[in-house]
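Trainee: Just one file: my_file-v1.csv, with CSV, C-alpha atoms.
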```csv
chain,number,residue,atom,x,y,z
A,467,MET,CA,102.4,154.0,32.8
A,468,GLY,CA,100.7,151.5,30.6
A,469,ARG,CA,103.1,152.1,27.7
A,470,LYS,CA,106.1,151.6,30.0
A,471,GLY,CA,104.9,148.3,31.3
A,472,SER,CA,104.1,147.1,27.8
A,473,SER,CA,107.6,148.0,26.5
A,474,SER,CA,109.2,146.2,29.5
A,475,SER,CA,107.1,143.1,28.8
A,476,SER,CA,108.0,143.1,25.1
A,477,SER,CA,111.7,143.5,25.9
A,478,SER,CA,111.6,140.6,28.3
A,479,THR,CA,109.9,138.4,25.8
A,480,ARG,CA,112.6,139.2,23.2
A,481,VAL,CA,115.4,138.3,25.6
A,482,SER,CA,113.7,135.0,26.5
A,483,SER,CA,113.3,134.1,22.9
A,484,LEU,CA,117.0,134.9,22.2
A,485,VAL,CA,118.1,132.7,25.1
A,486,ILE,CA,115.9,129.8,24.0
A,487,SER,CA,117.3,130.2,20.4
A,488,MET,CA,120.8,130.1,21.7
A,489,LEU,CA,120.1,127.0,23.9
A,490,ALA,CA,118.5,125.3,20.9
A,491,THR,CA,121.5,126.1,18.7
A,492,PHE,CA,124.0,124.7,21.3
A,493,ALA,CA,121.9,121.6,21.7
A,494,SER,CA,121.8,121.0,18.0
A,495,LEU,CA,125.5,121.5,17.7
A,496,TYR,CA,126.1,119.0,20.5
A,497,VAL,CA,123.7,116.4,19.0
A,498,ALA,CA,125.3,116.9,15.5
A,499,GLY,CA,128.7,116.4,16.9
A,500,ARG,CA,127.8,113.2,18.8
A,501,LEU,CA,126.2,111.8,15.6
A,502,TRP,CA,129.3,112.6,13.6
A,503,GLN,CA,131.6,110.9,16.1
A,504,GLU,CA,129.4,107.9,16.5
A,505,SER,CA,129.0,107.4,12.7
A,506,GLN,CA,132.7,107.8,12.1
A,507,THR,CA,133.6,105.3,14.9
A,508,ARG,CA,131.2,102.7,13.6
A,509,VAL,CA,132.3,103.1,10.0
A,510,HIS,CA,136.0,102.6,11.1
A,511,LEU,CA,135.0,99.5,13.3
A,512,ILE,CA,133.1,97.9,10.5
A,513,LYS,CA,135.9,98.4,8.0
A,514,GLU,CA,138.5,97.0,10.4
A,515,LEU,CA,136.3,93.9,11.0
A,516,ASP,CA,135.8,93.4,7.3
A,517,ARG,CA,139.6,93.7,6.7
A,518,VAL,CA,140.6,91.3,9.5
A,519,THR,CA,138.0,88.7,8.7
A,520,GLY,CA,138.1,88.6,5.0
A,521,GLN,CA,134.8,90.5,4.4
A,522,GLY,CA,133.2,88.7,7.3
A,523,LYS,CA,133.7,85.2,5.9
A,524,SER,CA,136.8,84.0,7.6
A,525,ALA,CA,137.0,81.3,10.3
A,526,ILE,CA,137.5,83.0,13.6
A,527,SER,CA,136.9,82.4,17.3
A,528,VAL,CA,133.4,82.3,18.9
A,529,ASP,CA,134.1,85.5,20.9
A,530,ASP,CA,135.0,87.4,17.7
A,531,THR,CA,132.0,86.0,15.9
A,532,LEU,CA,129.7,87.4,18.6
A,533,LYS,CA,131.4,90.8,18.4
A,534,ILE,CA,130.9,90.8,14.6
A,535,ILE,CA,127.2,90.0,15.1
A,536,ALA,CA,126.8,92.8,17.5
A,537,CYS,CA,128.6,95.1,15.1
A,538,ARG,CA,126.3,94.1,12.3
A,539,GLU,CA,123.3,95.1,14.4
A,540,GLN,CA,124.9,98.5,15.0
A,541,LYS,CA,125.5,98.8,11.3
A,542,LYS,CA,121.7,98.7,10.7
A,543,THR,CA,121.3,102.0,12.5
A,544,LEU,CA,124.2,103.7,10.6
A,545,ALA,CA,122.0,104.7,7.6
A,546,ALA,CA,119.6,106.6,9.9
A,547,LEU,CA,122.5,108.3,11.6
A,548,GLU,CA,123.9,109.4,8.3
A,549,ILE,CA,120.5,110.9,7.3
A,550,GLN,CA,120.5,112.9,10.5
A,551,LEU,CA,124.1,113.9,10.0
A,552,SER,CA,123.3,115.1,6.5
A,553,ALA,CA,120.5,117.2,7.9
A,554,ALA,CA,122.8,118.6,10.5
A,555,ARG,CA,125.3,119.6,7.8
A,556,GLN,CA,122.6,121.4,5.8
A,557,GLU,CA,121.7,123.4,9.0
A,558,GLY,CA,125.3,124.4,9.3
A,559,PHE,CA,126.0,122.5,12.5
A,560,VAL,CA,128.8,120.3,11.1
A,561,SER,CA,131.6,121.2,8.7
A,562,LYS,CA,131.1,119.9,5.2
A,563,THR,CA,134.9,119.6,4.8
A,564,PRO,CA,136.1,116.1,5.7
A,565,ARG,CA,138.8,115.9,8.4
A,566,HIS,CA,142.2,114.8,7.3
A,567,THR,CA,144.2,112.3,9.4
A,568,ALA,CA,147.5,110.5,9.0
A,569,ASP,CA,145.5,107.5,7.7
A,570,THR,CA,143.9,109.5,4.8
A,571,GLU,CA,146.5,108.3,2.4
A,572,THR,CA,146.9,104.5,2.8
A,573,LYS,CA,149.9,102.6,1.8
A,574,LYS,CA,149.8,100.0,-0.9
A,575,ARG,CA,148.9,96.7,0.6
A,576,PRO,CA,151.7,94.0,0.4
A,577,LEU,CA,151.0,91.0,-1.8
A,578,VAL,CA,152.8,88.4,0.3
A,579,VAL,CA,155.0,88.0,3.3
A,580,ILE,CA,157.5,85.1,2.9
A,581,GLY,CA,158.9,83.6,6.1
A,582,ILE,CA,162.1,81.7,5.3
A,583,MET,CA,162.7,79.1,8.0
A,584,THR,CA,166.4,79.1,8.9
A,585,SER,CA,168.6,77.9,11.8
A,586,PHE,CA,171.9,78.5,13.6
A,587,GLY,CA,174.9,77.7,11.4
A,588,ASN,CA,173.0,78.3,8.1
A,589,LYS,CA,174.6,81.7,7.3
A,590,LYS,CA,176.0,80.4,4.0
A,591,LYS,CA,172.5,79.4,2.9
A,592,ARG,CA,171.1,82.8,3.9
A,593,ASP,CA,173.8,84.6,2.0
A,594,ALA,CA,173.0,82.4,-1.0
A,595,VAL,CA,169.3,83.3,-0.7
A,596,ARG,CA,170.1,87.0,-0.4
A,597,GLN,CA,172.3,86.9,-3.5
A,598,ALA,CA,170.0,84.7,-5.6
A,599,TRP,CA,166.5,86.3,-5.2
A,600,MET,CA,165.8,88.0,-1.8
A,601,GLY,CA,168.3,90.9,-2.1
A,602,THR,CA,169.7,93.1,0.7
A,603,GLY,CA,169.5,96.7,1.7
A,604,ALA,CA,168.1,98.9,-1.1
A,605,SER,CA,167.3,95.9,-3.3
A,606,LEU,CA,165.3,94.2,-0.5
A,607,LYS,CA,163.3,97.4,0.0
A,608,LYS,CA,162.8,97.8,-3.8
A,609,ILE,CA,161.2,94.3,-4.0
A,610,GLU,CA,158.9,95.3,-1.1
A,611,THR,CA,157.8,98.6,-2.6
A,612,GLU,CA,157.6,97.6,-6.3
A,613,LYS,CA,156.4,94.0,-6.1
A,614,GLY,CA,154.7,93.9,-2.7
A,615,VAL,CA,156.8,91.0,-1.6
A,616,ILE,CA,158.3,91.1,1.9
A,617,ALA,CA,160.8,88.3,2.7
A,618,ARG,CA,162.3,87.7,6.1
A,619,PHE,CA,164.4,84.9,7.6
A,620,VAL,CA,162.6,83.3,10.6
A,621,ILE,CA,164.5,81.9,13.6
A,622,GLY,CA,164.0,81.2,17.2
A,623,ARG,CA,166.3,81.6,20.2
A,624,SER,CA,168.9,79.3,21.6
A,625,ALA,CA,167.9,77.0,24.5
A,626,ASN,CA,170.6,79.0,26.4
A,627,LYS,CA,169.2,82.5,25.7
A,628,GLY,CA,171.9,85.1,25.2
A,629,ASP,CA,174.6,82.7,24.3
A,630,SER,CA,177.0,83.0,21.3
A,631,MET,CA,174.5,81.7,18.8
A,632,ASP,CA,171.9,84.3,19.8
A,633,LYS,CA,174.5,87.0,19.7
A,634,SER,CA,175.6,85.9,16.2
A,635,ILE,CA,172.1,86.2,14.9
A,636,ASP,CA,171.6,89.5,16.5
A,637,SER,CA,174.8,90.8,15.0
A,638,GLU,CA,173.8,89.5,11.5
A,639,ASN,CA,170.4,91.1,11.8
A,640,SER,CA,171.9,94.4,12.9
A,641,GLN,CA,173.6,94.5,9.5
A,642,SER,CA,171.0,92.9,7.2
A,643,ASP,CA,167.7,93.9,9.0
A,644,ASP,CA,166.0,90.9,7.4
A,645,PHE,CA,165.1,88.6,10.3
A,646,VAL,CA,162.0,87.8,12.3
A,647,ILE,CA,163.3,86.5,15.6
A,648,LEU,CA,160.8,84.6,17.6
A,649,ASP,CA,161.7,84.9,21.3
A,650,ASP,CA,159.1,82.3,22.4
A,651,VAL,CA,160.5,79.6,20.2
A,652,VAL,CA,163.5,77.4,21.0
A,653,GLU,CA,165.4,76.9,17.8
A,654,ALA,CA,165.3,73.1,17.5
A,655,PRO,CA,163.8,70.5,15.0
A,656,GLU,CA,161.1,69.5,17.4
A,657,GLU,CA,159.9,73.1,17.6
A,658,ALA,CA,159.4,73.4,13.8
A,659,SER,CA,155.6,73.4,13.9
A,660,LYS,CA,155.4,76.0,16.7
A,661,LYS,CA,157.9,78.1,14.8
A,662,VAL,CA,155.7,78.2,11.7
A,663,LYS,CA,152.6,78.8,13.7
A,664,LEU,CA,154.1,81.8,15.6
A,665,PHE,CA,155.5,83.2,12.4
A,666,PHE,CA,152.1,83.2,10.8
A,667,ALA,CA,150.7,84.8,13.9
A,668,TYR,CA,153.4,87.5,14.1
A,669,ALA,CA,153.3,88.2,10.4
A,670,ALA,CA,149.5,88.6,10.3
A,671,GLU,CA,149.7,91.2,13.2
A,672,ARG,CA,152.8,93.0,11.8
A,673,TRP,CA,151.9,93.2,8.1
A,674,ASP,CA,148.5,93.6,6.5
A,675,ALA,CA,149.3,91.4,3.4
A,676,GLN,CA,147.1,89.5,1.0
A,677,PHE,CA,149.0,86.3,1.6
A,678,TYR,CA,151.6,84.7,3.9
A,679,ALA,CA,154.1,82.0,2.8
A,680,LYS,CA,156.3,79.6,4.5
A,681,ALA,CA,159.6,78.6,2.8
A,682,ILE,CA,162.9,77.0,3.7
A,683,ASP,CA,166.4,78.5,3.3
A,684,ASN,CA,167.7,76.2,0.5
A,685,ILE,CA,165.2,77.0,-2.3
A,686,TYR,CA,165.2,79.6,-5.0
A,687,VAL,CA,162.0,81.6,-5.3
A,688,ASN,CA,160.8,83.1,-8.6
A,689,ILE,CA,159.1,86.3,-7.3
A,690,ASP,CA,157.4,87.2,-10.6
A,691,ALA,CA,156.0,83.7,-11.0
A,692,LEU,CA,154.8,83.7,-7.3
A,693,GLY,CA,153.1,87.1,-7.8
A,694,SER,CA,151.3,86.1,-11.0
A,695,THR,CA,150.1,82.8,-9.4
A,696,LEU,CA,148.8,84.5,-6.2
A,697,ALA,CA,147.0,87.2,-8.2
A,698,ALA,CA,144.7,84.4,-9.5
A,699,HIS,CA,143.5,83.8,-5.9
A,700,LEU,CA,142.9,87.3,-4.7
A,701,GLU,CA,139.2,86.8,-4.7
A,702,ASN,CA,139.3,83.8,-2.4
A,703,PRO,CA,139.7,84.9,1.2
A,704,ARG,CA,140.5,81.4,2.5
A,705,ALA,CA,142.9,79.7,0.1
A,706,TYR,CA,145.6,77.2,1.2
A,707,ILE,CA,148.0,76.9,-1.7
A,708,GLY,CA,150.8,74.4,-2.2
A,709,CYS,CA,152.1,71.2,-3.6
A,710,MET,CA,149.4,69.0,-2.1
A,711,LYS,CA,150.2,65.5,-1.0
A,712,SER,CA,149.3,62.7,1.4
A,713,GLY,CA,151.1,59.5,2.3
A,714,GLU,CA,152.1,57.0,4.9
A,715,VAL,CA,152.4,57.9,8.6
A,716,PHE,CA,155.6,56.4,10.0
A,717,SER,CA,155.1,54.8,13.4
A,718,GLU,CA,158.5,53.5,14.1
A,719,PRO,CA,160.9,55.8,16.1
A,720,ASN,CA,163.9,54.8,14.0
A,721,GLN,CA,162.2,56.1,10.8
A,722,LYS,CA,163.2,59.5,9.4
A,723,TRP,CA,159.7,61.0,9.3
A,724,TYR,CA,158.5,59.4,12.5
A,725,GLU,CA,155.2,60.7,13.9
A,726,PRO,CA,154.8,60.1,17.6
A,727,GLU,CA,151.0,60.6,17.3
A,728,TRP,CA,150.7,58.1,14.5
A,729,TRP,CA,147.7,56.4,16.1
A,730,LYS,CA,145.6,59.5,15.5
A,731,PHE,CA,145.6,59.0,11.7
A,732,GLY,CA,143.6,55.8,11.7
A,733,ASP,CA,144.2,52.1,11.1
A,734,LYS,CA,145.6,52.7,7.6
A,735,LYS,CA,148.1,55.2,8.9
A,736,ALA,CA,147.7,57.7,6.1
A,737,TYR,CA,148.0,61.5,6.3
A,738,PHE,CA,145.2,63.8,5.2
A,739,ARG,CA,145.8,66.1,2.2
A,740,HIS,CA,148.3,68.9,3.0
A,741,ALA,CA,150.8,71.1,1.3
A,742,TYR,CA,154.4,69.9,1.0
A,743,GLY,CA,156.7,71.7,3.5
A,744,GLU,CA,159.3,73.4,1.3
A,745,MET,CA,156.9,76.2,0.4
A,746,TYR,CA,153.2,76.9,0.8
A,747,VAL,CA,150.9,79.9,1.0
A,748,ILE,CA,147.8,80.9,3.0
A,749,THR,CA,145.6,83.9,2.8
A,750,HIS,CA,145.3,86.8,5.3
A,751,ALA,CA,142.1,85.3,6.8
A,752,LEU,CA,143.7,82.0,7.5
A,753,ALA,CA,146.8,83.6,9.0
A,754,SER,CA,144.5,85.7,11.2
A,755,PHE,CA,142.8,82.5,12.3
A,756,VAL,CA,146.1,81.0,13.3
A,757,SER,CA,147.0,84.2,15.2
A,758,ILE,CA,143.7,84.2,17.1
A,759,ASN,CA,143.8,80.5,18.0
A,760,ARG,CA,147.5,80.0,18.3
A,761,ASP,CA,147.2,78.7,21.9
A,762,ILE,CA,144.8,75.9,21.1
A,763,LEU,CA,146.0,74.7,17.7
A,764,HIS,CA,147.7,71.3,18.0
A,765,SER,CA,151.2,70.7,16.5
A,766,TYR,CA,152.4,67.4,15.1
A,767,ALA,CA,156.0,66.4,14.5
A,768,HIS,CA,156.1,68.0,11.1
A,769,ASP,CA,155.1,71.6,10.3
A,770,ASP,CA,153.4,70.9,7.0
A,771,VAL,CA,151.2,68.2,8.6
A,772,SER,CA,150.4,70.6,11.5
A,773,THR,CA,149.5,73.5,9.1
A,774,GLY,CA,147.2,71.2,7.1
A,775,SER,CA,145.5,70.0,10.3
A,776,TRP,CA,144.7,73.5,11.4
A,777,PHE,CA,142.4,74.0,8.4
A,778,MET,CA,140.8,70.6,8.2
A,779,GLY,CA,137.5,71.7,9.9
A,780,LEU,CA,137.3,75.0,8.1
A,781,ASP,CA,135.7,76.1,4.9
A,782,VAL,CA,139.1,76.4,3.1
A,783,LYS,CA,139.9,76.0,-0.6
A,784,HIS,CA,142.8,73.6,-1.0
A,785,VAL,CA,144.7,74.6,-4.2
A,786,ASP,CA,147.1,72.0,-5.5
A,787,GLU,CA,149.7,74.2,-7.3
A,788,GLY,CA,152.4,72.2,-9.1
A,789,LYS,CA,154.6,75.3,-9.4
A,790,LEU,CA,155.2,75.1,-5.7
A,791,CYS,CA,156.5,71.5,-5.7
A,792,CYS,CA,160.1,72.8,-5.8
A,793,SER,CA,161.5,69.5,-7.1
A,794,ALA,CA,162.8,70.7,-10.5
A,795,TRP,CA,163.4,74.1,-12.1
A,796,SER,CA,161.5,75.4,-15.0
A,797,SER,CA,160.7,78.9,-16.4
A,798,GLU,CA,157.2,78.7,-14.9
A,799,ALA,CA,158.2,77.2,-11.5
A,800,ILE,CA,157.8,79.3,-8.4
A,801,CYS,CA,160.5,77.5,-6.4
A,802,ALA,CA,163.4,75.0,-6.8
A,803,ARG,CA,166.0,73.5,-4.6
A,804,VAL,CA,169.5,75.1,-4.7
```
Would you give me this structure, written as C-alpha cells?
Mentor:
Amino acid sequence: MGRKGSSSSSSSTRVSSLVISMLATFASLYVAGRLWQESQTRVHLIKELDRVTGQGKSAISVDDTLKIIACREQKKTLAALEIQLSAARQEGFVSKTPRHTADTETKKRPLVVIGIMTSFGNKKKRDAVRQAWMGTGASLKKIETEKGVIARFVIGRSANKGDSMDKSIDSENSQSDDFVILDDVVEAPEEASKKVKLFFAYAAERWDAQFYAKAIDNIYVNIDALGSTLAAHLENPRAYIGCMKSGEVFSEPNQKWYEPEWWKFGDKKAYFRHAYGEMYVITHALASFVSINRDILHSYAHDDVSTGSWFMGLDVKHVDEGKLCCSAWSSEAICARV
C-alpha cells in the first residue's frame, strides 16, 4: 500500500512540473513576441521621424516637437528591450531569421522634384519645355530613374470649375501624365503664392525627395548642372537656394510689382533677402515645414517674397547661387530664359 501511494504522489509531481514548464514556456514566448513587436514599432517610428524632420533638426510645429520629445524618451528604453530580445532569441523563443516585407528593398530616393508653374493658354510653352529638357513618356521616366529628377507642370483650377479650360488641361494630362493639378487653387495671378505653397506641401507628401524646386514655364533647365549643384548641399537639411536679392517695395497700385502690404516692410520700404522667382530650391525639411504649417503661413502679392518670408524666423541657410539667376545662358548655368 505504501509503495502504491508513493508512486501516485511521484506521478502527480511530474505532471505538475510538466504543466508549470509548459506555462513558463508559453509565457516566455508571449513576452518575447511582445518585445519584438514593440522594438520593431519603435525603430520604425524613430526612423520615420528622423526622415521627415531632417534628422531631428528641422523647423516643425510645436505639436510635432512634443511628439518627437516623447519618442526620444521611448528610444532610451530601446537598448534594454534589444538586450532582452537577444536573450529571447538565444532561448529559441524568437526566430533569428528577419522577416521580409514589401519595404525591405527601398527605392532610390529622388534628388529633386521640380514644380513648373504654368497657366491656361500656355500649352506652347509647355511643349517647348518638354522638347527642350523635360522630356515626355519614356524619356521623362528615364530622367526620373537615372538622374533622380522629377519634373511636373503645376496648375490650379478654373474659377468656373469643370469648364472648357479645366477640361483642356485634363485632356492634356491624360496624354502627357506630367501635371500636378491643385484643386484648391484658383488659377489666377493673385493666387501665385498659394499655388507655390500648396505645390511644396503636395510634393513633400507625394515624393520623398532631397530637394524641391519652383520654376516657371519659360526657362530652360540644365538638369546635370542642377544635380551637381544640389549635391554640394546634401549635408545641409535646411538650405534655401536661389539667386538671392532684395529691393524696393512698390507701394503704388499702378506699379507693376505693387505690394498691397507694403507698410509691413518698414519706413525704407525694402524687401528682405529672398530668392528670385524664376527658379529656387528648398530642402525636404523646409518643404515639410511648409506642408505642416500651410494654413498659417502668410502670403504676399509675389510668391518669391512669400517663400522668403516663411523662412525668416527659422534656422535656415540662405545660399546665393548665381547659377540660378536665369538671366543669361552659359555652360555652367542651371537655368536660362527661352
Trainee: For CA of Ile647 in chain A and CA of Asp690 in chain A, quote the distance in Å rounded to one decimal.
Mentor: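 We find that CA of Ile647 in chain A and CA of Asp690 in chain A lie 26.9 Å from each other.
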Trainee: Which distance in Å separates CA of Lys789 in chain A and CA of Pro655 in chain A, to one decimal?
Mentor: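 A separation of 26.5 Å between them.
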Trainee: Show me, as a list of chain:residue names, the residues that have an atom within 9 Å of Asp649 in chain A when counting all atoms listed in the file, minus same-chain residues fewer than 2 positions from it.
Mentor: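 Residues meeting the cut-off are A:Ile621, A:Gly622, A:Arg623, A:Ile647, A:Val651, A:Val652.
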Trainee: Using Å and a single decimal, report how far CA of Ile609 in chain A sits from CA of Glu638 in chain A.
Mentor: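 Separation between CA of Glu638 in chain A and CA of Ile609 in chain A: 20.5 Å.
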Trainee: Go through A:Ala736, A:Ala667, A:Ile707, A:Cys791 and flag the residue nearest Asn759 in chain A, using all atoms listed in the file for the distances.
Mentor: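 Ranked by minimum distance to Asn759 in chain A, first place goes to A:Ala667.
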Trainee: So, with all atoms listed in the file as the atoms that count, which of A:Gly587, A:Gly788, A:Gly713, A:Gly601 lies closest to Ile689 in chain A?
Mentor: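 Using all atoms listed in the file, the shortest distance to Ile689 in chain A belongs to A:Gly601.
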Trainee: Rank A:Asn626, A:Gln597, A:Thr584, A:Ser765 by their smallest atom-to-atom distance to Ala681 in chain A, using all atoms listed in the file, and report the top residue only.
Mentor: A:Thr584
Trainee: As a compact mmCIF listing (two decimals) with C-alpha atoms, in the frame of the given file, please: the residues near Gly743 in chain A (cut-off 12 Å, only C-alpha atoms, same-chain neighbours under 6 positions excluded).
Mentor:
```
# COMPACT_ATOMS: atom_id res chain seq x y z
CA ILE A 582 162.10 81.70 5.30
CA MET A 583 162.70 79.10 8.00
CA ALA A 658 159.40 73.40 13.80
CA SER A 659 155.60 73.40 13.90
CA VAL A 662 155.70 78.20 11.70
CA ALA A 679 154.10 82.00 2.80
CA LYS A 680 156.30 79.60 4.50
CA ALA A 681 159.60 78.60 2.80
CA ILE A 682 162.90 77.00 3.70
CA ASP A 683 166.40 78.50 3.30
CA ILE A 685 165.20 77.00 -2.30
CA ILE A 707 148.00 76.90 -1.70
CA GLY A 708 150.80 74.40 -2.20
CA CYS A 709 152.10 71.20 -3.60
CA MET A 710 149.40 69.00 -2.10
CA LYS A 711 150.20 65.50 -1.00
CA SER A 712 149.30 62.70 1.40
CA HIS A 768 156.10 68.00 11.10
CA ASP A 769 155.10 71.60 10.30
CA ASP A 770 153.40 70.90 7.00
CA VAL A 771 151.20 68.20 8.60
CA SER A 772 150.40 70.60 11.50
CA THR A 773 149.50 73.50 9.10
CA GLY A 774 147.20 71.20 7.10
CA LEU A 790 155.20 75.10 -5.70
CA CYS A 791 156.50 71.50 -5.70
CA CYS A 792 160.10 72.80 -5.80
CA SER A 793 161.50 69.50 -7.10
```
Trainee: Go through A:Ala802, A:Ala594, A:Val615, A:Val782 and flag the residue nearest Gly693 in chain A, using all atoms listed in the file for the distances.
Mentor: A:Val615
